[in-house]
Each structure stands twice: as C-alpha cells, then as structure tokens.
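Peer 1: Structure in structure tokens, see below.
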Amino acid sequence: MQTLVVPQGQYHLARYPHRAKDPLRAWDAGDEYLLYYLHDEHLPNQDAAILILNDTCGALATTLAPNRPQSLSDSHLAHQATLANLQHNDCTTNDVRLLSSLTAPTGPLDLVLFKIPKSLALLEDPLHRIRPYLHPQTRFIGAGMTRDIHTSTLDLLTRIIGPTHTSLAKKKARLICSEFDVGLDPGPT
C-alpha cells in the first residue's frame with residue numbers, strides 16, 4: 001500500500017487485488033493533477049452533486065468521499081478497489097455510490113470528473129448516458145496521461161458535451177475541460 005499526498009489530505013491506496021510489494025500505484029499523475037486543480041479552483045462545493053467516471057482504483061472517489069460522490073464504471077475490479085480503499089481510509093462504503101455502466105446517476109450533476117480511457121468507446125457511451133443529467137453550470141473536468149489524449153478525444157467531447165480545451169502537461173498528464181452546451185445535438189448513441 002502506498003500513500004497519496006494531495007491538498008485534500010493523505011490517503012493509503014492499493015490496487016485490487018492487493019499484492020504485497022506491488023510496484024504499481026493505485027493512482028497516476030492524472031489523478032494528482034486533477035486533485036490539485038480541484039483544490040486550486042476551490043472545488044467541489046460542499047453540496048455539489050459529483051459524478052466520477054472511470055476511476056480505476058478509487059483514488060478520486062476515496063479522496064472526495066466526504067462530498068459523497070457517485071462513481072460510474074463498467075469494471076467490477078474498479079468497484080472492488082474503491083470499496084477496499086475506502087475501508088483503508090476509514091470511510092464507510094456509503095460515502096460513495098457505486099454505479100454500473102447501466103445505472104443512471106442521480107442528477108442534476110454539478111461536477112463531473114473523468115479519467116480518459118485508452119479506448120474512446122469506453123468514454124463515448126457514458127457521455128451519452130450522463131448528458132441528460134447535466135445543466136449549463138456543470139463543471140466537466142477530465143484527466144489522463146498525454147499518451148491517451150488525442151485530437152479524436154477532444155473532438156468526441158466537443159461533439160457530445162460542448163467546447164473543449166486542454167491544459168498544459170504536468171508529469172506527462174493533462175487536464176481536459178468541457179463546457180456543457182445545452183443546445184448541442186450529439187447525434188445517436
């Protein structure tokens with residue numbers, strides 16, 4: 001188990017299933033970049049409705065557990081990692097609502113945080129599914145490693161959510177911010 005140190009605090013995190021002396025961390029530079037950005041932007045608000053997409057090992061969900069986020073993933077292992085990491089950090093399993101890819105989030109959503117998957121198809125479907133739960137003030141912020149963020153990624157977000165831009169890279173990670181365009185017609189899923 002390793003310790004993630006971010007402005008929100010220190011968190012003991014492990015990948016799932018836990019292996020002694022696992023050299024891989026349960027978070028990446030994208031998670032760290034996103035958490036520092038949230039701190040700098042004074043986000044989330046105490047009563048914000050938060051949805052997290054593609055949180056591989058629960059690093060974001062565990063860190064934001066006091067805000068009672070929803071975490072949507074199609075991975076059973078991601079859900080198990082989140083539950084284990086919540087327990088490692090003295091959080092209850094009720095602090096995060098785990099959603100399968102077929103479960104609708106409780107909306108409207110004020111803040112959507114997402115990790116960029118390697119496959120655009122793993123991002124496109126959830127974007128279409130959550131779009132009805134967004135409103136004009138919804139903050140939509142993603143994080144990923146620069147190797148996984150391509151022009152096609154930005155085009156997809158622009159087509160489904162609205163105008164999209166990226167940040168400068170830090171530690172080979174980059175943030176993506178999209179503005180929700182209510183009048184946008186994203187086309188069929």
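A note on labels: chains of the structure tokens are A, B, ... as shown, every chain counts residues from 1, and ligands are counted from 1 in their shown order.
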So that I can see what lies close to Ala81 (chain A), please list as a short mmCIF file (atom, residue, chain, number, x, y, z; two decimals) with N, CA, C and O atoms, in the first residue's frame the residues with an atom at most 8 Å from it, counting only C-alpha atoms and leaving out residues fewer than 2 positions away in the same chain.
Peer 2:
data_model
loop_
_atom_site.label_atom_id
_atom_site.label_comp_id
_atom_site.auth_asym_id
_atom_site.auth_seq_id
_atom_site.Cartn_x
_atom_site.Cartn_y
_atom_site.Cartn_z
N ALA A 14 -4.30 1.19 -2.52
CA ALA A 14 -3.70 -0.01 -3.11
C ALA A 14 -4.53 -0.43 -4.31
O ALA A 14 -5.73 -0.17 -4.38
N ARG A 15 -3.88 -1.06 -5.24
CA ARG A 15 -4.58 -1.64 -6.38
C ARG A 15 -5.33 -2.88 -5.90
O ARG A 15 -5.05 -3.42 -4.84
N TYR A 16 -6.28 -3.34 -6.70
CA TYR A 16 -7.05 -4.52 -6.34
C TYR A 16 -6.88 -5.59 -7.41
O TYR A 16 -6.96 -5.24 -8.59
N PRO A 17 -6.64 -6.82 -7.06
CA PRO A 17 -6.46 -7.32 -5.70
C PRO A 17 -5.11 -6.90 -5.14
O PRO A 17 -4.14 -6.74 -5.87
N THR A 56 -10.19 4.17 -11.91
CA THR A 56 -9.65 2.82 -11.99
C THR A 56 -9.51 2.11 -10.64
O THR A 56 -9.91 0.96 -10.50
N CYS A 57 -8.92 2.76 -9.67
CA CYS A 57 -8.70 2.12 -8.37
C CYS A 57 -9.36 2.87 -7.21
O CYS A 57 -9.07 2.60 -6.06
N GLY A 58 -10.20 3.82 -7.52
CA GLY A 58 -10.92 4.54 -6.48
C GLY A 58 -10.16 5.67 -5.83
O GLY A 58 -10.56 6.16 -4.77
N LEU A 77 -13.68 -4.83 -10.92
CA LEU A 77 -12.44 -4.65 -10.16
C LEU A 77 -12.27 -3.21 -9.69
O LEU A 77 -11.78 -2.97 -8.58
N ALA A 78 -12.69 -2.25 -10.50
CA ALA A 78 -12.61 -0.84 -10.08
C ALA A 78 -13.51 -0.60 -8.88
O ALA A 78 -13.13 0.11 -7.93
N HIS A 79 -14.69 -1.19 -8.88
CA HIS A 79 -15.59 -1.04 -7.74
C HIS A 79 -15.01 -1.70 -6.49
O HIS A 79 -15.08 -1.13 -5.40
N LEU A 83 -14.02 0.16 -2.94
CA LEU A 83 -14.51 -0.27 -1.63
C LEU A 83 -13.34 -0.55 -0.67
O LEU A 83 -13.37 -0.14 0.50
N ALA A 84 -12.31 -1.25 -1.17
CA ALA A 84 -11.15 -1.56 -0.33
C ALA A 84 -10.42 -0.28 0.10
O ALA A 84 -10.04 -0.14 1.27
N ASN A 85 -10.25 0.66 -0.82
CA ASN A 85 -9.54 1.89 -0.49
C ASN A 85 -10.35 2.78 0.44
O ASN A 85 -9.78 3.48 1.28
#
Peer 1: Check the DSSP output for the backbone and give back, as an MDAnalysis selection string, the residues of chain A in strand (DSSP E or B).
Peer 2: chainID A and resid 2:6 9:13 50:53 70:72 97:99 109:115 134:145 164:166 170 173:179
Peer 1: Each residue of region 29-114 of chain A with at least one atom at most 10 Å from region 166-176 of chain A should appear once, together with its nearest atom pair and the corresponding distance in Å (one decimal); atoms considered: only C-alpha atoms; ordering: chain, then increasing residue number; output as CSV.
Peer 2:
residue,atom,partner,partner_atom,distance
A:Ala29,CA,A:Ala173,CA,5.7
A:Gly30,CA,A:Ala173,CA,5.0
A:Asp31,CA,A:Ala173,CA,8.8
A:Glu32,CA,A:Ala173,CA,9.0
A:Tyr33,CA,A:Ala173,CA,7.2
A:Leu34,CA,A:Leu175,CA,6.9
A:Tyr37,CA,A:Leu175,CA,8.9
A:Leu113,CA,A:Ile176,CA,9.8
A:Phe114,CA,A:Ile176,CA,9.2
Peer 1: Just the residues within 8 Å of region 59-66 of chain A, please, counting only C-alpha atoms, with nothing from its chain fewer than 2 positions along; format it as a list in words.
Peer 2: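 Those residues are Gln8, Gly9, Tyr11, Leu13, Ala26, Trp27, Asp31, Leu35, Ile52, Asp55, Thr56, Cys57, Arg68, Pro69, Gln70, Ser71, Thr82, Asn85, Leu86, Asn89, Cys91, Asp95 and Val96 of chain A.
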Peer 1: Can you write out the residues you just picked, keeping N, CA, C and O atoms, as a PDB file, in the first residue's frame?
Peer 2:
ATOM      1  N   GLN A   8      -5.992  17.674  -0.393  1.00  0.00           N
ATOM      2  CA  GLN A   8      -7.160  17.182   0.345  1.00  0.00           C
ATOM      3  C   GLN A   8      -6.764  16.314   1.537  1.00  0.00           C
ATOM      4  O   GLN A   8      -7.579  16.048   2.402  1.00  0.00           O
ATOM      5  N   GLY A   9      -5.514  15.833   1.573  1.00  0.00           N
ATOM      6  CA  GLY A   9      -5.043  15.008   2.676  1.00  0.00           C
ATOM      7  C   GLY A   9      -4.134  13.885   2.212  1.00  0.00           C
ATOM      8  O   GLY A   9      -3.662  13.877   1.070  1.00  0.00           O
ATOM      9  N   TYR A  11      -3.805   9.708   1.767  1.00  0.00           N
ATOM     10  CA  TYR A  11      -4.681   8.553   1.575  1.00  0.00           C
ATOM     11  C   TYR A  11      -3.840   7.320   1.296  1.00  0.00           C
ATOM     12  O   TYR A  11      -2.946   7.351   0.456  1.00  0.00           O
ATOM     13  N   LEU A  13      -3.625   3.971  -0.383  1.00  0.00           N
ATOM     14  CA  LEU A  13      -4.310   3.360  -1.515  1.00  0.00           C
ATOM     15  C   LEU A  13      -3.556   2.144  -2.031  1.00  0.00           C
ATOM     16  O   LEU A  13      -2.325   2.110  -2.000  1.00  0.00           O
ATOM     17  N   ALA A  26      -1.926   2.936  -7.105  1.00  0.00           N
ATOM     18  CA  ALA A  26      -3.370   2.924  -7.337  1.00  0.00           C
ATOM     19  C   ALA A  26      -3.854   4.244  -7.936  1.00  0.00           C
ATOM     20  O   ALA A  26      -5.043   4.466  -8.047  1.00  0.00           O
ATOM     21  N   TRP A  27      -2.955   5.106  -8.296  1.00  0.00           N
ATOM     22  CA  TRP A  27      -3.284   6.383  -8.928  1.00  0.00           C
ATOM     23  C   TRP A  27      -2.184   6.720  -9.918  1.00  0.00           C
ATOM     24  O   TRP A  27      -1.134   6.095  -9.934  1.00  0.00           O
ATOM     25  N   ASP A  31      -4.562  11.678 -11.855  1.00  0.00           N
ATOM     26  CA  ASP A  31      -5.337  11.807 -10.616  1.00  0.00           C
ATOM     27  C   ASP A  31      -4.785  12.947  -9.762  1.00  0.00           C
ATOM     28  O   ASP A  31      -5.537  13.784  -9.262  1.00  0.00           O
ATOM     29  N   LEU A  35      -6.683  16.456  -8.723  1.00  0.00           N
ATOM     30  CA  LEU A  35      -6.942  16.793  -7.326  1.00  0.00           C
ATOM     31  C   LEU A  35      -6.315  18.141  -6.947  1.00  0.00           C
ATOM     32  O   LEU A  35      -6.931  18.929  -6.220  1.00  0.00           O
ATOM     33  N   ILE A  52     -18.105  10.677 -10.839  1.00  0.00           N
ATOM     34  CA  ILE A  52     -16.758  10.315 -11.262  1.00  0.00           C
ATOM     35  C   ILE A  52     -16.881   9.169 -12.262  1.00  0.00           C
ATOM     36  O   ILE A  52     -17.541   8.170 -11.980  1.00  0.00           O
ATOM     37  N   ASP A  55     -12.863   5.768 -12.649  1.00  0.00           N
ATOM     38  CA  ASP A  55     -11.891   5.850 -11.551  1.00  0.00           C
ATOM     39  C   ASP A  55     -11.325   4.452 -11.321  1.00  0.00           C
ATOM     40  O   ASP A  55     -11.925   3.635 -10.630  1.00  0.00           O
ATOM     41  N   THR A  56     -10.192   4.169 -11.907  1.00  0.00           N
ATOM     42  CA  THR A  56      -9.647   2.816 -11.990  1.00  0.00           C
ATOM     43  C   THR A  56      -9.505   2.105 -10.642  1.00  0.00           C
ATOM     44  O   THR A  56      -9.907   0.957 -10.505  1.00  0.00           O
ATOM     45  N   CYS A  57      -8.917   2.765  -9.667  1.00  0.00           N
ATOM     46  CA  CYS A  57      -8.695   2.124  -8.370  1.00  0.00           C
ATOM     47  C   CYS A  57      -9.364   2.869  -7.211  1.00  0.00           C
ATOM     48  O   CYS A  57      -9.073   2.597  -6.056  1.00  0.00           O
ATOM     49  N   ARG A  68     -19.515  12.764  -0.830  1.00  0.00           N
ATOM     50  CA  ARG A  68     -20.469  11.728  -1.213  1.00  0.00           C
ATOM     51  C   ARG A  68     -20.705  11.657  -2.727  1.00  0.00           C
ATOM     52  O   ARG A  68     -21.828  11.807  -3.215  1.00  0.00           O
ATOM     53  N   PRO A  69     -19.635  11.404  -3.492  1.00  0.00           N
ATOM     54  CA  PRO A  69     -19.783  11.339  -4.953  1.00  0.00           C
ATOM     55  C   PRO A  69     -20.429  10.037  -5.414  1.00  0.00           C
ATOM     56  O   PRO A  69     -20.539   9.070  -4.656  1.00  0.00           O
ATOM     57  N   GLN A  70     -20.809  10.041  -6.683  1.00  0.00           N
ATOM     58  CA  GLN A  70     -21.230   8.829  -7.372  1.00  0.00           C
ATOM     59  C   GLN A  70     -20.059   8.437  -8.272  1.00  0.00           C
ATOM     60  O   GLN A  70     -19.397   9.305  -8.828  1.00  0.00           O
ATOM     61  N   SER A  71     -19.799   7.155  -8.386  1.00  0.00           N
ATOM     62  CA  SER A  71     -18.688   6.689  -9.209  1.00  0.00           C
ATOM     63  C   SER A  71     -19.214   5.662 -10.200  1.00  0.00           C
ATOM     64  O   SER A  71     -19.687   4.595  -9.812  1.00  0.00           O
ATOM     65  N   THR A  82     -12.252   0.466  -5.138  1.00  0.00           N
ATOM     66  CA  THR A  82     -12.819   1.635  -4.459  1.00  0.00           C
ATOM     67  C   THR A  82     -13.288   1.262  -3.060  1.00  0.00           C
ATOM     68  O   THR A  82     -12.973   1.963  -2.085  1.00  0.00           O
ATOM     69  N   ASN A  85     -10.248   0.657  -0.824  1.00  0.00           N
ATOM     70  CA  ASN A  85      -9.544   1.891  -0.492  1.00  0.00           C
ATOM     71  C   ASN A  85     -10.347   2.783   0.441  1.00  0.00           C
ATOM     72  O   ASN A  85      -9.782   3.483   1.284  1.00  0.00           O
ATOM     73  N   LEU A  86     -11.659   2.750   0.335  1.00  0.00           N
ATOM     74  CA  LEU A  86     -12.490   3.478   1.300  1.00  0.00           C
ATOM     75  C   LEU A  86     -12.264   2.919   2.698  1.00  0.00           C
ATOM     76  O   LEU A  86     -12.093   3.669   3.663  1.00  0.00           O
ATOM     77  N   ASN A  89      -9.059   3.876   4.435  1.00  0.00           N
ATOM     78  CA  ASN A  89      -9.003   5.275   4.844  1.00  0.00           C
ATOM     79  C   ASN A  89     -10.146   5.658   5.776  1.00  0.00           C
ATOM     80  O   ASN A  89     -10.521   6.831   5.875  1.00  0.00           O
ATOM     81  N   CYS A  91     -13.304   5.315   5.718  1.00  0.00           N
ATOM     82  CA  CYS A  91     -14.547   5.817   5.144  1.00  0.00           C
ATOM     83  C   CYS A  91     -15.536   4.662   5.104  1.00  0.00           C
ATOM     84  O   CYS A  91     -15.135   3.499   5.051  1.00  0.00           O
ATOM     85  N   ASP A  95     -20.244   6.237   1.683  1.00  0.00           N
ATOM     86  CA  ASP A  95     -19.724   7.557   1.320  1.00  0.00           C
ATOM     87  C   ASP A  95     -19.664   7.747  -0.190  1.00  0.00           C
ATOM     88  O   ASP A  95     -19.625   8.878  -0.668  1.00  0.00           O
ATOM     89  N   VAL A  96     -19.615   6.654  -0.941  1.00  0.00           N
ATOM     90  CA  VAL A  96     -19.554   6.718  -2.406  1.00  0.00           C
ATOM     91  C   VAL A  96     -20.630   5.786  -2.962  1.00  0.00           C
ATOM     92  O   VAL A  96     -20.713   4.626  -2.570  1.00  0.00           O
TER      93      VAL A  96
END
Peer 1: Using only C-alpha atoms, which residues sit within 8 Å of Pro126 (chain A) once same-chain residues fewer than 4 positions away are excluded, as a list in words?
Peer 2: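 The neighbour list is Leu53, Ser101, Leu122 and Ile130 of chain A.
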Peer 1: With distances taken over only C-alpha atoms, which residue among A:Phe180, A:Lys21, A:Arg97, A:His42 lies nearest Pro7 (chain A)?
Peer 2: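 Using only C-alpha atoms, Pro7 (chain A) sits closest to A:His42.
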Peer 1: What's around region 104-110 of chain A at 12 Å? Count only C-alpha atoms, leave out sequence neighbours fewer than 6 positions away in its own chain, and write the answer as an MDAnalysis selection string.
Peer 2: chainID A and resid 43:53 67:73 97:98 126:141 179:180
